[in-house]
Structures are given as structure tokens and as C-alpha cells.
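One file, coords_5.pdb, carrying PDB, N, CA and C atoms:
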```pdb
ATOM      1  N   MET E   1     172.928 201.021  23.198  1.00  0.00           N
ATOM      2  CA  MET E   1     171.996 202.055  22.790  1.00  0.00           C
ATOM      3  C   MET E   1     171.140 201.592  21.620  1.00  0.00           C
ATOM      4  N   GLU E   2     171.712 200.853  20.706  1.00  0.00           N
ATOM      5  CA  GLU E   2     170.960 200.353  19.567  1.00  0.00           C
ATOM      6  C   GLU E   2     169.839 199.435  20.032  1.00  0.00           C
ATOM      7  N   LYS E   3     170.107 198.639  21.058  1.00  0.00           N
ATOM      8  CA  LYS E   3     169.087 197.739  21.588  1.00  0.00           C
ATOM      9  C   LYS E   3     167.890 198.530  22.109  1.00  0.00           C
ATOM     10  N   THR E   4     168.141 199.650  22.773  1.00  0.00           N
ATOM     11  CA  THR E   4     167.064 200.493  23.280  1.00  0.00           C
ATOM     12  C   THR E   4     166.213 201.014  22.139  1.00  0.00           C
ATOM     13  N   ARG E   5     166.836 201.447  21.080  1.00  0.00           N
ATOM     14  CA  ARG E   5     166.086 201.967  19.938  1.00  0.00           C
ATOM     15  C   ARG E   5     165.215 200.888  19.318  1.00  0.00           C
ATOM     16  N   LEU E   6     165.724 199.672  19.214  1.00  0.00           N
ATOM     17  CA  LEU E   6     164.927 198.584  18.667  1.00  0.00           C
ATOM     18  C   LEU E   6     163.736 198.298  19.568  1.00  0.00           C
ATOM     19  N   ASN E   7     163.947 198.310  20.872  1.00  0.00           N
ATOM     20  CA  ASN E   7     162.849 198.081  21.803  1.00  0.00           C
ATOM     21  C   ASN E   7     161.808 199.187  21.681  1.00  0.00           C
ATOM     22  N   GLU E   8     162.258 200.439  21.536  1.00  0.00           N
ATOM     23  CA  GLU E   8     161.331 201.550  21.410  1.00  0.00           C
ATOM     24  C   GLU E   8     160.457 201.409  20.173  1.00  0.00           C
ATOM     25  N   LYS E   9     160.997 200.883  19.105  1.00  0.00           N
ATOM     26  CA  LYS E   9     160.228 200.738  17.872  1.00  0.00           C
ATOM     27  C   LYS E   9     159.087 199.744  18.026  1.00  0.00           C
ATOM     28  N   SER E  10     159.250 198.761  18.895  1.00  0.00           N
ATOM     29  CA  SER E  10     158.221 197.737  19.050  1.00  0.00           C
ATOM     30  C   SER E  10     157.256 198.032  20.198  1.00  0.00           C
ATOM     31  N   MET E  11     157.474 199.123  20.940  1.00  0.00           N
ATOM     32  CA  MET E  11     156.619 199.455  22.077  1.00  0.00           C
ATOM     33  C   MET E  11     155.482 200.380  21.648  1.00  0.00           C
ATOM     34  N   SER E  12     154.365 200.287  22.369  1.00  0.00           N
ATOM     35  CA  SER E  12     153.259 201.213  22.112  1.00  0.00           C
ATOM     36  C   SER E  12     153.657 202.601  22.609  1.00  0.00           C
ATOM     37  N   GLN E  13     152.961 203.615  22.132  1.00  0.00           N
ATOM     38  CA  GLN E  13     153.248 204.978  22.591  1.00  0.00           C
ATOM     39  C   GLN E  13     153.004 205.105  24.085  1.00  0.00           C
ATOM     40  N   GLU E  14     151.972 204.450  24.595  1.00  0.00           N
ATOM     41  CA  GLU E  14     151.697 204.506  26.029  1.00  0.00           C
ATOM     42  C   GLU E  14     152.837 203.907  26.837  1.00  0.00           C
ATOM     43  N   ASP E  15     153.380 202.784  26.363  1.00  0.00           N
ATOM     44  CA  ASP E  15     154.488 202.145  27.068  1.00  0.00           C
ATOM     45  C   ASP E  15     155.753 203.003  27.020  1.00  0.00           C
ATOM     46  N   LEU E  16     155.981 203.668  25.889  1.00  0.00           N
ATOM     47  CA  LEU E  16     157.128 204.578  25.796  1.00  0.00           C
ATOM     48  C   LEU E  16     157.000 205.697  26.822  1.00  0.00           C
ATOM     49  N   VAL E  17     155.811 206.293  26.920  1.00  0.00           N
ATOM     50  CA  VAL E  17     155.581 207.375  27.876  1.00  0.00           C
ATOM     51  C   VAL E  17     155.703 206.861  29.306  1.00  0.00           C
ATOM     52  N   LEU E  18     155.125 205.702  29.576  1.00  0.00           N
ATOM     53  CA  LEU E  18     155.173 205.134  30.924  1.00  0.00           C
ATOM     54  C   LEU E  18     156.611 204.884  31.360  1.00  0.00           C
ATOM     55  N   ASN E  19     157.408 204.282  30.508  1.00  0.00           N
ATOM     56  CA  ASN E  19     158.814 204.045  30.841  1.00  0.00           C
ATOM     57  C   ASN E  19     159.560 205.350  31.071  1.00  0.00           C
ATOM     58  N   TYR E  20     159.285 206.343  30.238  1.00  0.00           N
ATOM     59  CA  TYR E  20     159.917 207.650  30.396  1.00  0.00           C
ATOM     60  C   TYR E  20     159.551 208.263  31.743  1.00  0.00           C
ATOM     61  N   LEU E  21     158.268 208.202  32.104  1.00  0.00           N
ATOM     62  CA  LEU E  21     157.818 208.795  33.360  1.00  0.00           C
ATOM     63  C   LEU E  21     158.402 208.063  34.572  1.00  0.00           C
ATOM     64  N   LYS E  22     158.610 206.773  34.444  1.00  0.00           N
ATOM     65  CA  LYS E  22     159.227 206.017  35.540  1.00  0.00           C
ATOM     66  C   LYS E  22     160.675 206.436  35.758  1.00  0.00           C
ATOM     67  N   GLU E  23     161.356 206.823  34.681  1.00  0.00           N
ATOM     68  CA  GLU E  23     162.767 207.206  34.760  1.00  0.00           C
ATOM     69  C   GLU E  23     162.970 208.700  34.998  1.00  0.00           C
ATOM     70  N   HIS E  24     161.995 209.520  34.657  1.00  0.00           N
ATOM     71  CA  HIS E  24     162.126 210.974  34.751  1.00  0.00           C
ATOM     72  C   HIS E  24     161.021 211.526  35.641  1.00  0.00           C
ATOM     73  N   LYS E  25     161.327 211.686  36.900  1.00  0.00           N
ATOM     74  CA  LYS E  25     160.332 212.122  37.888  1.00  0.00           C
ATOM     75  C   LYS E  25     159.817 213.529  37.608  1.00  0.00           C
ATOM     76  N   SER E  26     160.569 214.323  36.848  1.00  0.00           N
ATOM     77  CA  SER E  26     160.140 215.692  36.538  1.00  0.00           C
ATOM     78  C   SER E  26     159.003 215.712  35.523  1.00  0.00           C
ATOM     79  N   GLY E  27     158.747 214.587  34.858  1.00  0.00           N
ATOM     80  CA  GLY E  27     157.619 214.489  33.947  1.00  0.00           C
ATOM     81  C   GLY E  27     157.968 214.765  32.499  1.00  0.00           C
ATOM     82  N   ILE E  28     156.915 214.906  31.702  1.00  0.00           N
ATOM     83  CA  ILE E  28     157.057 215.131  30.265  1.00  0.00           C
ATOM     84  C   ILE E  28     155.968 216.094  29.803  1.00  0.00           C
ATOM     85  N   THR E  29     156.297 216.933  28.844  1.00  0.00           N
ATOM     86  CA  THR E  29     155.334 217.837  28.237  1.00  0.00           C
ATOM     87  C   THR E  29     154.950 217.299  26.852  1.00  0.00           C
ATOM     88  N   SER E  30     153.935 217.889  26.263  1.00  0.00           N
ATOM     89  CA  SER E  30     153.540 217.479  24.914  1.00  0.00           C
ATOM     90  C   SER E  30     154.668 217.709  23.914  1.00  0.00           C
ATOM     91  N   LEU E  31     155.382 218.815  24.055  1.00  0.00           N
ATOM     92  CA  LEU E  31     156.496 219.095  23.140  1.00  0.00           C
ATOM     93  C   LEU E  31     157.611 218.062  23.312  1.00  0.00           C
ATOM     94  N   GLN E  32     157.927 217.708  24.550  1.00  0.00           N
ATOM     95  CA  GLN E  32     158.952 216.693  24.783  1.00  0.00           C
ATOM     96  C   GLN E  32     158.530 215.340  24.216  1.00  0.00           C
ATOM     97  N   ALA E  33     157.245 214.988  24.367  1.00  0.00           N
ATOM     98  CA  ALA E  33     156.750 213.724  23.829  1.00  0.00           C
ATOM     99  C   ALA E  33     156.841 213.711  22.302  1.00  0.00           C
ATOM    100  N   LEU E  34     156.566 214.848  21.691  1.00  0.00           N
ATOM    101  CA  LEU E  34     156.687 214.954  20.243  1.00  0.00           C
ATOM    102  C   LEU E  34     158.136 214.814  19.804  1.00  0.00           C
ATOM    103  N   GLU E  35     159.026 215.543  20.462  1.00  0.00           N
ATOM    104  CA  GLU E  35     160.440 215.516  20.082  1.00  0.00           C
ATOM    105  C   GLU E  35     161.085 214.155  20.348  1.00  0.00           C
ATOM    106  N   ARG E  36     160.753 213.538  21.462  1.00  0.00           N
ATOM    107  CA  ARG E  36     161.412 212.296  21.868  1.00  0.00           C
ATOM    108  C   ARG E  36     160.838 211.073  21.174  1.00  0.00           C
ATOM    109  N   PHE E  37     159.494 211.023  21.064  1.00  0.00           N
ATOM    110  CA  PHE E  37     158.848 209.803  20.570  1.00  0.00           C
ATOM    111  C   PHE E  37     157.970 210.008  19.338  1.00  0.00           C
ATOM    112  N   GLY E  38     157.798 211.249  18.892  1.00  0.00           N
ATOM    113  CA  GLY E  38     156.920 211.512  17.754  1.00  0.00           C
ATOM    114  C   GLY E  38     155.446 211.435  18.120  1.00  0.00           C
ATOM    115  N   ILE E  39     155.143 211.584  19.400  1.00  0.00           N
ATOM    116  CA  ILE E  39     153.757 211.498  19.872  1.00  0.00           C
ATOM    117  C   ILE E  39     153.084 212.854  19.679  1.00  0.00           C
ATOM    118  N   MET E  40     152.009 212.861  18.906  1.00  0.00           N
ATOM    119  CA  MET E  40     151.307 214.105  18.597  1.00  0.00           C
ATOM    120  C   MET E  40     150.207 214.428  19.609  1.00  0.00           C
ATOM    121  N   GLN E  41     149.661 213.425  20.281  1.00  0.00           N
ATOM    122  CA  GLN E  41     148.531 213.643  21.187  1.00  0.00           C
ATOM    123  C   GLN E  41     148.856 213.121  22.583  1.00  0.00           C
ATOM    124  N   MET E  42     149.704 213.836  23.290  1.00  0.00           N
ATOM    125  CA  MET E  42     150.087 213.422  24.637  1.00  0.00           C
ATOM    126  C   MET E  42     148.900 213.339  25.595  1.00  0.00           C
ATOM    127  N   PRO E  43     147.920 214.248  25.533  1.00  0.00           N
ATOM    128  CA  PRO E  43     146.768 214.101  26.432  1.00  0.00           C
ATOM    129  C   PRO E  43     146.034 212.765  26.252  1.00  0.00           C
ATOM    130  N   LYS E  44     145.958 212.287  25.035  1.00  0.00           N
ATOM    131  CA  LYS E  44     145.315 210.995  24.760  1.00  0.00           C
ATOM    132  C   LYS E  44     146.125 209.854  25.360  1.00  0.00           C
ATOM    133  N   ARG E  45     147.449 209.923  25.259  1.00  0.00           N
ATOM    134  CA  ARG E  45     148.296 208.877  25.859  1.00  0.00           C
ATOM    135  C   ARG E  45     148.118 208.861  27.375  1.00  0.00           C
ATOM    136  N   ALA E  46     148.045 210.046  27.994  1.00  0.00           N
ATOM    137  CA  ALA E  46     147.837 210.137  29.443  1.00  0.00           C
ATOM    138  C   ALA E  46     146.473 209.558  29.818  1.00  0.00           C
ATOM    139  N   PHE E  47     145.451 209.866  29.035  1.00  0.00           N
ATOM    140  CA  PHE E  47     144.105 209.347  29.273  1.00  0.00           C
ATOM    141  C   PHE E  47     144.105 207.820  29.243  1.00  0.00           C
ATOM    142  N   THR E  48     144.752 207.254  28.247  1.00  0.00           N
ATOM    143  CA  THR E  48     144.803 205.797  28.103  1.00  0.00           C
ATOM    144  C   THR E  48     145.555 205.161  29.273  1.00  0.00           C
ATOM    145  N   LEU E  49     146.649 205.773  29.699  1.00  0.00           N
ATOM    146  CA  LEU E  49     147.382 205.242  30.848  1.00  0.00           C
ATOM    147  C   LEU E  49     146.533 205.301  32.119  1.00  0.00           C
ATOM    148  N   ARG E  50     145.773 206.350  32.269  1.00  0.00           N
ATOM    149  CA  ARG E  50     144.863 206.442  33.429  1.00  0.00           C
ATOM    150  C   ARG E  50     143.839 205.316  33.388  1.00  0.00           C
ATOM    151  N   LYS E  51     143.301 205.041  32.208  1.00  0.00           N
ATOM    152  CA  LYS E  51     142.339 203.950  32.069  1.00  0.00           C
ATOM    153  C   LYS E  51     142.975 202.606  32.414  1.00  0.00           C
ATOM    154  N   ARG E  52     144.285 202.481  32.187  1.00  0.00           N
ATOM    155  CA  ARG E  52     145.012 201.249  32.526  1.00  0.00           C
ATOM    156  C   ARG E  52     145.363 201.195  34.012  1.00  0.00           C
ATOM    157  N   GLY E  53     144.988 202.238  34.775  1.00  0.00           N
ATOM    158  CA  GLY E  53     145.178 202.207  36.218  1.00  0.00           C
ATOM    159  C   GLY E  53     146.357 202.993  36.751  1.00  0.00           C
ATOM    160  N   TYR E  54     147.072 203.702  35.881  1.00  0.00           N
ATOM    161  CA  TYR E  54     148.221 204.486  36.330  1.00  0.00           C
ATOM    162  C   TYR E  54     147.765 205.873  36.771  1.00  0.00           C
ATOM    163  N   ASN E  55     148.393 206.376  37.813  1.00  0.00           N
ATOM    164  CA  ASN E  55     148.044 207.687  38.363  1.00  0.00           C
ATOM    165  C   ASN E  55     148.882 208.762  37.660  1.00  0.00           C
ATOM    166  N   ILE E  56     148.393 209.208  36.522  1.00  0.00           N
ATOM    167  CA  ILE E  56     149.076 210.240  35.741  1.00  0.00           C
ATOM    168  C   ILE E  56     148.500 211.595  36.151  1.00  0.00           C
ATOM    169  N   LYS E  57     149.371 212.454  36.642  1.00  0.00           N
ATOM    170  CA  LYS E  57     148.962 213.781  37.091  1.00  0.00           C
ATOM    171  C   LYS E  57     149.283 214.800  35.997  1.00  0.00           C
ATOM    172  N   SER E  58     148.331 215.681  35.721  1.00  0.00           N
ATOM    173  CA  SER E  58     148.512 216.768  34.753  1.00  0.00           C
ATOM    174  C   SER E  58     148.628 218.072  35.537  1.00  0.00           C
ATOM    175  N   THR E  59     149.769 218.725  35.439  1.00  0.00           N
ATOM    176  CA  THR E  59     150.006 219.957  36.176  1.00  0.00           C
ATOM    177  C   THR E  59     150.173 221.118  35.208  1.00  0.00           C
ATOM    178  N   PRO E  60     149.255 222.096  35.246  1.00  0.00           N
ATOM    179  CA  PRO E  60     149.416 223.273  34.385  1.00  0.00           C
ATOM    180  C   PRO E  60     150.620 224.102  34.839  1.00  0.00           C
ATOM    181  N   LYS E  61     151.289 224.686  33.875  1.00  0.00           N
ATOM    182  CA  LYS E  61     152.479 225.490  34.173  1.00  0.00           C
ATOM    183  C   LYS E  61     152.551 226.630  33.158  1.00  0.00           C
ATOM    184  N   VAL E  62     152.948 227.803  33.616  1.00  0.00           N
ATOM    185  CA  VAL E  62     153.133 228.952  32.721  1.00  0.00           C
ATOM    186  C   VAL E  62     154.632 229.115  32.477  1.00  0.00           C
ATOM    187  N   VAL E  63     155.010 229.154  31.208  1.00  0.00           N
ATOM    188  CA  VAL E  63     156.412 229.344  30.821  1.00  0.00           C
ATOM    189  C   VAL E  63     156.475 230.421  29.739  1.00  0.00           C
ATOM    190  N   LYS E  64     157.653 230.905  29.477  1.00  0.00           N
ATOM    191  CA  LYS E  64     157.839 231.864  28.384  1.00  0.00           C
ATOM    192  C   LYS E  64     158.271 231.117  27.133  1.00  0.00           C
ATOM    193  N   ASN E  65     157.661 231.496  26.001  1.00  0.00           N
ATOM    194  CA  ASN E  65     158.071 230.891  24.742  1.00  0.00           C
ATOM    195  C   ASN E  65     159.318 231.599  24.210  1.00  0.00           C
ATOM    196  N   ARG E  66     159.749 231.232  23.043  1.00  0.00           N
ATOM    197  CA  ARG E  66     160.997 231.797  22.498  1.00  0.00           C
ATOM    198  C   ARG E  66     160.906 233.289  22.196  1.00  0.00           C
ATOM    199  N   TYR E  67     159.693 233.838  22.195  1.00  0.00           N
ATOM    200  CA  TYR E  67     159.511 235.266  21.957  1.00  0.00           C
ATOM    201  C   TYR E  67     159.300 236.045  23.255  1.00  0.00           C
ATOM    202  N   GLY E  68     159.380 235.334  24.386  1.00  0.00           N
ATOM    203  CA  GLY E  68     159.213 235.983  25.677  1.00  0.00           C
ATOM    204  C   GLY E  68     157.776 236.110  26.140  1.00  0.00           C
ATOM    205  N   LYS E  69     156.853 235.563  25.372  1.00  0.00           N
ATOM    206  CA  LYS E  69     155.435 235.620  25.731  1.00  0.00           C
ATOM    207  C   LYS E  69     155.108 234.460  26.677  1.00  0.00           C
ATOM    208  N   LYS E  70     154.286 234.728  27.704  1.00  0.00           N
ATOM    209  CA  LYS E  70     153.870 233.683  28.626  1.00  0.00           C
ATOM    210  C   LYS E  70     152.843 232.778  27.950  1.00  0.00           C
ATOM    211  N   VAL E  71     153.072 231.478  28.056  1.00  0.00           N
ATOM    212  CA  VAL E  71     152.162 230.488  27.481  1.00  0.00           C
ATOM    213  C   VAL E  71     151.893 229.393  28.513  1.00  0.00           C
ATOM    214  N   ASN E  72     150.759 228.743  28.370  1.00  0.00           N
ATOM    215  CA  ASN E  72     150.378 227.659  29.272  1.00  0.00           C
ATOM    216  C   ASN E  72     150.774 226.312  28.677  1.00  0.00           C
ATOM    217  N   ILE E  73     151.377 225.459  29.503  1.00  0.00           N
ATOM    218  CA  ILE E  73     151.692 224.092  29.106  1.00  0.00           C
ATOM    219  C   ILE E  73     151.202 223.169  30.214  1.00  0.00           C
ATOM    220  N   VAL E  74     151.276 221.878  29.947  1.00  0.00           N
ATOM    221  CA  VAL E  74     150.943 220.871  30.960  1.00  0.00           C
ATOM    222  C   VAL E  74     152.125 219.934  31.097  1.00  0.00           C
ATOM    223  N   VAL E  75     152.479 219.630  32.347  1.00  0.00           N
ATOM    224  CA  VAL E  75     153.528 218.655  32.634  1.00  0.00           C
ATOM    225  C   VAL E  75     152.837 217.401  33.168  1.00  0.00           C
ATOM    226  N   TYR E  76     153.105 216.272  32.544  1.00  0.00           N
ATOM    227  CA  TYR E  76     152.527 214.984  32.956  1.00  0.00           C
ATOM    228  C   TYR E  76     153.543 214.242  33.796  1.00  0.00           C
ATOM    229  N   THR E  77     153.105 213.768  34.971  1.00  0.00           N
ATOM    230  CA  THR E  77     153.974 213.007  35.856  1.00  0.00           C
ATOM    231  C   THR E  77     153.254 211.733  36.290  1.00  0.00           C
ATOM    232  N   LEU E  78     154.045 210.754  36.698  1.00  0.00           N
ATOM    233  CA  LEU E  78     153.513 209.505  37.234  1.00  0.00           C
ATOM    234  C   LEU E  78     153.616 209.588  38.747  1.00  0.00           C
ATOM    235  N   GLU E  79     152.488 209.597  39.418  1.00  0.00           N
ATOM    236  CA  GLU E  79     152.456 209.697  40.867  1.00  0.00           C
ATOM    237  C   GLU E  79     152.521 208.288  41.473  1.00  0.00           C
ATOM    238  N   GLY E  80     153.274 208.179  42.559  1.00  0.00           N
ATOM    239  CA  GLY E  80     153.360 206.906  43.260  1.00  0.00           C
ATOM    240  C   GLY E  80     154.217 205.883  42.550  1.00  0.00           C
ATOM    241  N   ALA E  81     155.078 206.344  41.642  1.00  0.00           N
ATOM    242  CA  ALA E  81     155.973 205.408  40.927  1.00  0.00           C
ATOM    243  C   ALA E  81     157.088 204.966  41.850  1.00  0.00           C
ATOM    244  N   ALA E  82     157.416 203.694  41.763  1.00  0.00           N
ATOM    245  CA  ALA E  82     158.489 203.149  42.615  1.00  0.00           C
ATOM    246  C   ALA E  82     159.849 203.540  42.106  1.00  0.00           C
TER     247      ALA E  82
END
```
Let me see whether you can do it: turn the structure in this file into C-alpha cells.
Amino acid sequence: MEKTRLNEKSMSQEDLVLNYLKEHKSGITSLQALERFGIMQMPKRAFTLRKRGYNIKSTPKVVKNRYGKKVNIVVYTLEGAA
């Protein structure tokens, strides 16, 4: 596990997200990216990955927040990942 953390420290934010998306078919949200990797601008990371040729899909989703209010989020997934 320590080796993984060291590798994560030397990887770009885009590479961290890409590896996560390859392992987690359900995708990642901006909040998950913030909590897991400290990424503040997930839409920018998705944009950059798209420019690098990856098929990153943005799917809007309505969920309830901790107060029970409906809010809109986006789930980012990697389409066509092996």
C-alpha cells in the first residue's frame, strides 16, 4: 500500500483520475475526486483527458444532499476501457 501512495504522489492529476476510472467502472464525481486525490477542478481534468484522446463521458445525475434537497452532480466515466 505504501508503494501505491508513493506512485500517486509522482503522478499527474489526470493520470490519477485515468487509473481510477480504469479500475472503477461506476465512475467518479467531483466530490470523490476531491476526497480521494485533492482535485479541485474535476471538469478540467476530464477536459484534458479528452484532449489526450480518452473517451470521458459526463453523465448528469440528481441526488439528495445531506439535508434531503435534490441537487445536480456529474459522474465521469471512461467509455470503452479495457
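The environment of range 9-22 of chain E within 10 Å, counting only C-alpha atoms and disregarding residues fewer than 4 places along the same chain, consists of Thr4, Arg5, Ser26, Gly27, Ile28, Ala33, Arg36, Phe37, Gly38, Ile39, Gln41, Met42, Lys44, Arg45, Ala46, Phe47, Thr48, Leu49, Arg52, Tyr54, Ile56, Tyr76, Thr77, Leu78, Glu79, Gly80, Ala81 and Ala82 of chain E.
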May I ask for the distance between CA of Val74 in chain E and atom N of Thr29 in chain E, given in Å to one decimal place?
-> 7.0 Å
Alpha helix (DSSP H) positions in chain E, given as an mmCIF file with N, CA and C atoms, in the coordinates of the input:
```
data_model
loop_
_atom_site.group_PDB
_atom_site.id
_atom_site.type_symbol
_atom_site.label_atom_id
_atom_site.label_comp_id
_atom_site.auth_asym_id
_atom_site.auth_seq_id
_atom_site.Cartn_x
_atom_site.Cartn_y
_atom_site.Cartn_z
ATOM 1 N N GLU E 2 171.712 200.853 20.706
ATOM 2 C CA GLU E 2 170.960 200.353 19.567
ATOM 3 C C GLU E 2 169.839 199.435 20.032
ATOM 4 N N LYS E 3 170.107 198.639 21.058
ATOM 5 C CA LYS E 3 169.087 197.739 21.588
ATOM 6 C C LYS E 3 167.890 198.530 22.109
ATOM 7 N N THR E 4 168.141 199.650 22.773
ATOM 8 C CA THR E 4 167.064 200.493 23.280
ATOM 9 C C THR E 4 166.213 201.014 22.139
ATOM 10 N N ARG E 5 166.836 201.447 21.080
ATOM 11 C CA ARG E 5 166.086 201.967 19.938
ATOM 12 C C ARG E 5 165.215 200.888 19.318
ATOM 13 N N LEU E 6 165.724 199.672 19.214
ATOM 14 C CA LEU E 6 164.927 198.584 18.667
ATOM 15 C C LEU E 6 163.736 198.298 19.568
ATOM 16 N N ASN E 7 163.947 198.310 20.872
ATOM 17 C CA ASN E 7 162.849 198.081 21.803
ATOM 18 C C ASN E 7 161.808 199.187 21.681
ATOM 19 N N GLU E 8 162.258 200.439 21.536
ATOM 20 C CA GLU E 8 161.331 201.550 21.410
ATOM 21 C C GLU E 8 160.457 201.409 20.173
ATOM 22 N N LYS E 9 160.997 200.883 19.105
ATOM 23 C CA LYS E 9 160.228 200.738 17.872
ATOM 24 C C LYS E 9 159.087 199.744 18.026
ATOM 25 N N SER E 10 159.250 198.761 18.895
ATOM 26 C CA SER E 10 158.221 197.737 19.050
ATOM 27 C C SER E 10 157.256 198.032 20.198
ATOM 28 N N GLN E 13 152.961 203.615 22.132
ATOM 29 C CA GLN E 13 153.248 204.978 22.591
ATOM 30 C C GLN E 13 153.004 205.105 24.085
ATOM 31 N N GLU E 14 151.972 204.450 24.595
ATOM 32 C CA GLU E 14 151.697 204.506 26.029
ATOM 33 C C GLU E 14 152.837 203.907 26.837
ATOM 34 N N ASP E 15 153.380 202.784 26.363
ATOM 35 C CA ASP E 15 154.488 202.145 27.068
ATOM 36 C C ASP E 15 155.753 203.003 27.020
ATOM 37 N N LEU E 16 155.981 203.668 25.889
ATOM 38 C CA LEU E 16 157.128 204.578 25.796
ATOM 39 C C LEU E 16 157.000 205.697 26.822
ATOM 40 N N VAL E 17 155.811 206.293 26.920
ATOM 41 C CA VAL E 17 155.581 207.375 27.876
ATOM 42 C C VAL E 17 155.703 206.861 29.306
ATOM 43 N N LEU E 18 155.125 205.702 29.576
ATOM 44 C CA LEU E 18 155.173 205.134 30.924
ATOM 45 C C LEU E 18 156.611 204.884 31.360
ATOM 46 N N ASN E 19 157.408 204.282 30.508
ATOM 47 C CA ASN E 19 158.814 204.045 30.841
ATOM 48 C C ASN E 19 159.560 205.350 31.071
ATOM 49 N N TYR E 20 159.285 206.343 30.238
ATOM 50 C CA TYR E 20 159.917 207.650 30.396
ATOM 51 C C TYR E 20 159.551 208.263 31.743
ATOM 52 N N LEU E 21 158.268 208.202 32.104
ATOM 53 C CA LEU E 21 157.818 208.795 33.360
ATOM 54 C C LEU E 21 158.402 208.063 34.572
ATOM 55 N N LYS E 22 158.610 206.773 34.444
ATOM 56 C CA LYS E 22 159.227 206.017 35.540
ATOM 57 C C LYS E 22 160.675 206.436 35.758
ATOM 58 N N GLU E 23 161.356 206.823 34.681
ATOM 59 C CA GLU E 23 162.767 207.206 34.760
ATOM 60 C C GLU E 23 162.970 208.700 34.998
ATOM 61 N N SER E 30 153.935 217.889 26.263
ATOM 62 C CA SER E 30 153.540 217.479 24.914
ATOM 63 C C SER E 30 154.668 217.709 23.914
ATOM 64 N N LEU E 31 155.382 218.815 24.055
ATOM 65 C CA LEU E 31 156.496 219.095 23.140
ATOM 66 C C LEU E 31 157.611 218.062 23.312
ATOM 67 N N GLN E 32 157.927 217.708 24.550
ATOM 68 C CA GLN E 32 158.952 216.693 24.783
ATOM 69 C C GLN E 32 158.530 215.340 24.216
ATOM 70 N N ALA E 33 157.245 214.988 24.367
ATOM 71 C CA ALA E 33 156.750 213.724 23.829
ATOM 72 C C ALA E 33 156.841 213.711 22.302
ATOM 73 N N LEU E 34 156.566 214.848 21.691
ATOM 74 C CA LEU E 34 156.687 214.954 20.243
ATOM 75 C C LEU E 34 158.136 214.814 19.804
ATOM 76 N N GLU E 35 159.026 215.543 20.462
ATOM 77 C CA GLU E 35 160.440 215.516 20.082
ATOM 78 C C GLU E 35 161.085 214.155 20.348
ATOM 79 N N ARG E 36 160.753 213.538 21.462
ATOM 80 C CA ARG E 36 161.412 212.296 21.868
ATOM 81 C C ARG E 36 160.838 211.073 21.174
ATOM 82 N N PHE E 37 159.494 211.023 21.064
ATOM 83 C CA PHE E 37 158.848 209.803 20.570
ATOM 84 C C PHE E 37 157.970 210.008 19.338
ATOM 85 N N MET E 42 149.704 213.836 23.290
ATOM 86 C CA MET E 42 150.087 213.422 24.637
ATOM 87 C C MET E 42 148.900 213.339 25.595
ATOM 88 N N PRO E 43 147.920 214.248 25.533
ATOM 89 C CA PRO E 43 146.768 214.101 26.432
ATOM 90 C C PRO E 43 146.034 212.765 26.252
ATOM 91 N N LYS E 44 145.958 212.287 25.035
ATOM 92 C CA LYS E 44 145.315 210.995 24.760
ATOM 93 C C LYS E 44 146.125 209.854 25.360
ATOM 94 N N ARG E 45 147.449 209.923 25.259
ATOM 95 C CA ARG E 45 148.296 208.877 25.859
ATOM 96 C C ARG E 45 148.118 208.861 27.375
ATOM 97 N N ALA E 46 148.045 210.046 27.994
ATOM 98 C CA ALA E 46 147.837 210.137 29.443
ATOM 99 C C ALA E 46 146.473 209.558 29.818
ATOM 100 N N PHE E 47 145.451 209.866 29.035
ATOM 101 C CA PHE E 47 144.105 209.347 29.273
ATOM 102 C C PHE E 47 144.105 207.820 29.243
ATOM 103 N N THR E 48 144.752 207.254 28.247
ATOM 104 C CA THR E 48 144.803 205.797 28.103
ATOM 105 C C THR E 48 145.555 205.161 29.273
ATOM 106 N N LEU E 49 146.649 205.773 29.699
ATOM 107 C CA LEU E 49 147.382 205.242 30.848
ATOM 108 C C LEU E 49 146.533 205.301 32.119
ATOM 109 N N ARG E 50 145.773 206.350 32.269
ATOM 110 C CA ARG E 50 144.863 206.442 33.429
ATOM 111 C C ARG E 50 143.839 205.316 33.388
ATOM 112 N N LYS E 51 143.301 205.041 32.208
ATOM 113 C CA LYS E 51 142.339 203.950 32.069
ATOM 114 C C LYS E 51 142.975 202.606 32.414
#
```
Starting from the shown file, work through the PyMOL selection byres ((chain E and resi 61) around 6) and note down what comes out as a compact mmCIF listing (two decimals) with N, CA and C atoms, in the frame of the given file.
```txt
# COMPACT_ATOMS: atom_id res chain seq x y z
N THR E 59 149.77 218.72 35.44
CA THR E 59 150.01 219.96 36.18
C THR E 59 150.17 221.12 35.21
N PRO E 60 149.26 222.10 35.25
CA PRO E 60 149.42 223.27 34.38
C PRO E 60 150.62 224.10 34.84
N VAL E 62 152.95 227.80 33.62
CA VAL E 62 153.13 228.95 32.72
C VAL E 62 154.63 229.12 32.48
N VAL E 63 155.01 229.15 31.21
CA VAL E 63 156.41 229.34 30.82
C VAL E 63 156.48 230.42 29.74
N VAL E 71 153.07 231.48 28.06
CA VAL E 71 152.16 230.49 27.48
C VAL E 71 151.89 229.39 28.51
N ASN E 72 150.76 228.74 28.37
CA ASN E 72 150.38 227.66 29.27
C ASN E 72 150.77 226.31 28.68
N ILE E 73 151.38 225.46 29.50
CA ILE E 73 151.69 224.09 29.11
C ILE E 73 151.20 223.17 30.21
N VAL E 74 151.28 221.88 29.95
CA VAL E 74 150.94 220.87 30.96
C VAL E 74 152.12 219.93 31.10
N VAL E 75 152.48 219.63 32.35
CA VAL E 75 153.53 218.66 32.63
C VAL E 75 152.84 217.40 33.17
```
Suppose you want the space between atom C of Ser30 in chain E and atom N of Pro43 in chain E; what is it in Å?
-> 7.8 Å
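Backbone DSSP assigns strand (DSSP E) in chain E to E:Ile28, E:Thr29, E:Ile56, E:Lys57, E:Ser58, E:Thr59, E:Pro60, E:Lys61, E:Val62, E:Val63, E:Lys64, E:Lys70, E:Val71, E:Asn72, E:Ile73, E:Val74, E:Val75, E:Tyr76, E:Thr77, E:Leu78.
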Enter the distance from CA of Lys25 in chain E to CA of Gly68 in chain E, in Å, rounded to one decimal.
-> 26.8 Å
